[in-house]
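Here's the structure we're looking at; comments come further down.
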Amino acid sequence: MPVAKARRRIGMIEDYYGWLATCCRSVDLWHTTYVHLLSSASQIVDWMMGSALRPFLARLDHEERRRFLEKYEAQIITAYPPQIGGKVLLNFPTLFIVAQRTFGQND
């Protein structure tokens, strides 16, 4: 099975609300985007190697990994152009959820 299809689906805000609203007395959700100021596109590659790329890289041998990362970084350089001063901006969306459970007689 391809790695991308094997990964668990990340829900939309409406999904999380739907899952929690049936068993919680209150649900607060908010979404924000943190902007990380990095010194280069290669720092974005490093960031992703420690998270989202891990399952993809794990299936590659050393030479395949080197070629993949070379092509990946070329695409990242195109997608994240340097800003004033040469820095790149990495948008990092984050979903926050605070839910209070409904207590029943058996809890």
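In the structure tokens, chains take the letters A, B, ... in the order shown, each chain's residues start at 1, and ligands count up from 1 in the order shown.
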
Residues of region 28-107 of chain A that have any atom at most 12 Å from an atom of region 7-16 of chain A: could you tabulate them with the shortest-distance atom pair and the distance in Å to one decimal, using only C-alpha atoms, ordered by chain and increasing number, as a Markdown table?
| residue | atom | partner | partner_atom | distance |
| --- | --- | --- | --- | --- |
| A:Asp28 | CA | A:Tyr16 | CA | 10.3 |
| A:Leu29 | CA | A:Ile13 | CA | 7.5 |
| A:Trp30 | CA | A:Ile13 | CA | 8.4 |
| A:His31 | CA | A:Ile13 | CA | 8.3 |
| A:Thr32 | CA | A:Ile13 | CA | 11.9 |
| A:Ala52 | CA | A:Arg7 | CA | 10.1 |
| A:Leu53 | CA | A:Arg7 | CA | 11.4 |
| A:Arg54 | CA | A:Arg7 | CA | 11.4 |
| A:Pro55 | CA | A:Arg7 | CA | 8.7 |
| A:Phe56 | CA | A:Arg7 | CA | 10.4 |
| A:Thr94 | CA | A:Ile13 | CA | 10.8 |
| A:Leu95 | CA | A:Ile13 | CA | 7.8 |
| A:Phe96 | CA | A:Ile13 | CA | 9.5 |
| A:Ile97 | CA | A:Tyr16 | CA | 8.5 |
| A:Val98 | CA | A:Tyr16 | CA | 10.9 |
| A:Ala99 | CA | A:Tyr16 | CA | 10.4 |

DSSP on the backbone, helix (DSSP H, G or I) only: what residues of chain A does that give? Format it as a PyMOL selection string. chain A and resi 3-6+13-21+41-49+54-57+62-79+84-86

Using only C-alpha atoms: which of A:Gly18, A:Gln100, A:Glu73, A:Gln83 has the shortest distance to Trp47 (chain A):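 Going through A:Gly18, A:Gln100, A:Glu73, A:Gln83 one by one, the smallest distance to Trp47 (chain A) is for A:Glu73.
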
Based on DSSP run over this structure's backbone, return all residues of chain A in strand (DSSP E or B), as a PyMOL selection string. chain A and resi 24-38+88-101

For CA of Asn91 (chain A) and CA of Trp19 (chain A), quote the distance in Å rounded to one decimal. 27.0 Å

Could you state the separation of CA of Leu89 (chain A) and CA of Tyr72 (chain A) in Å, given to one decimal place?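 Pair CA of Leu89 (chain A) / CA of Tyr72 (chain A) returns 17.0 Å.
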
When distances are computed from only C-alpha atoms, which of A:Ser51, A:Val45, A:Leu90, A:Tyr80 shows the smallest separation from Phe68 (chain A)? A:Val45

With only C-alpha atoms as the atoms that count, which of A:Phe103, A:Val27, A:Leu69, A:Thr22 lies nearest to Asp46 (chain A)?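 Residue with the minimum atom-to-atom distance to Asp46 (chain A): A:Leu69.
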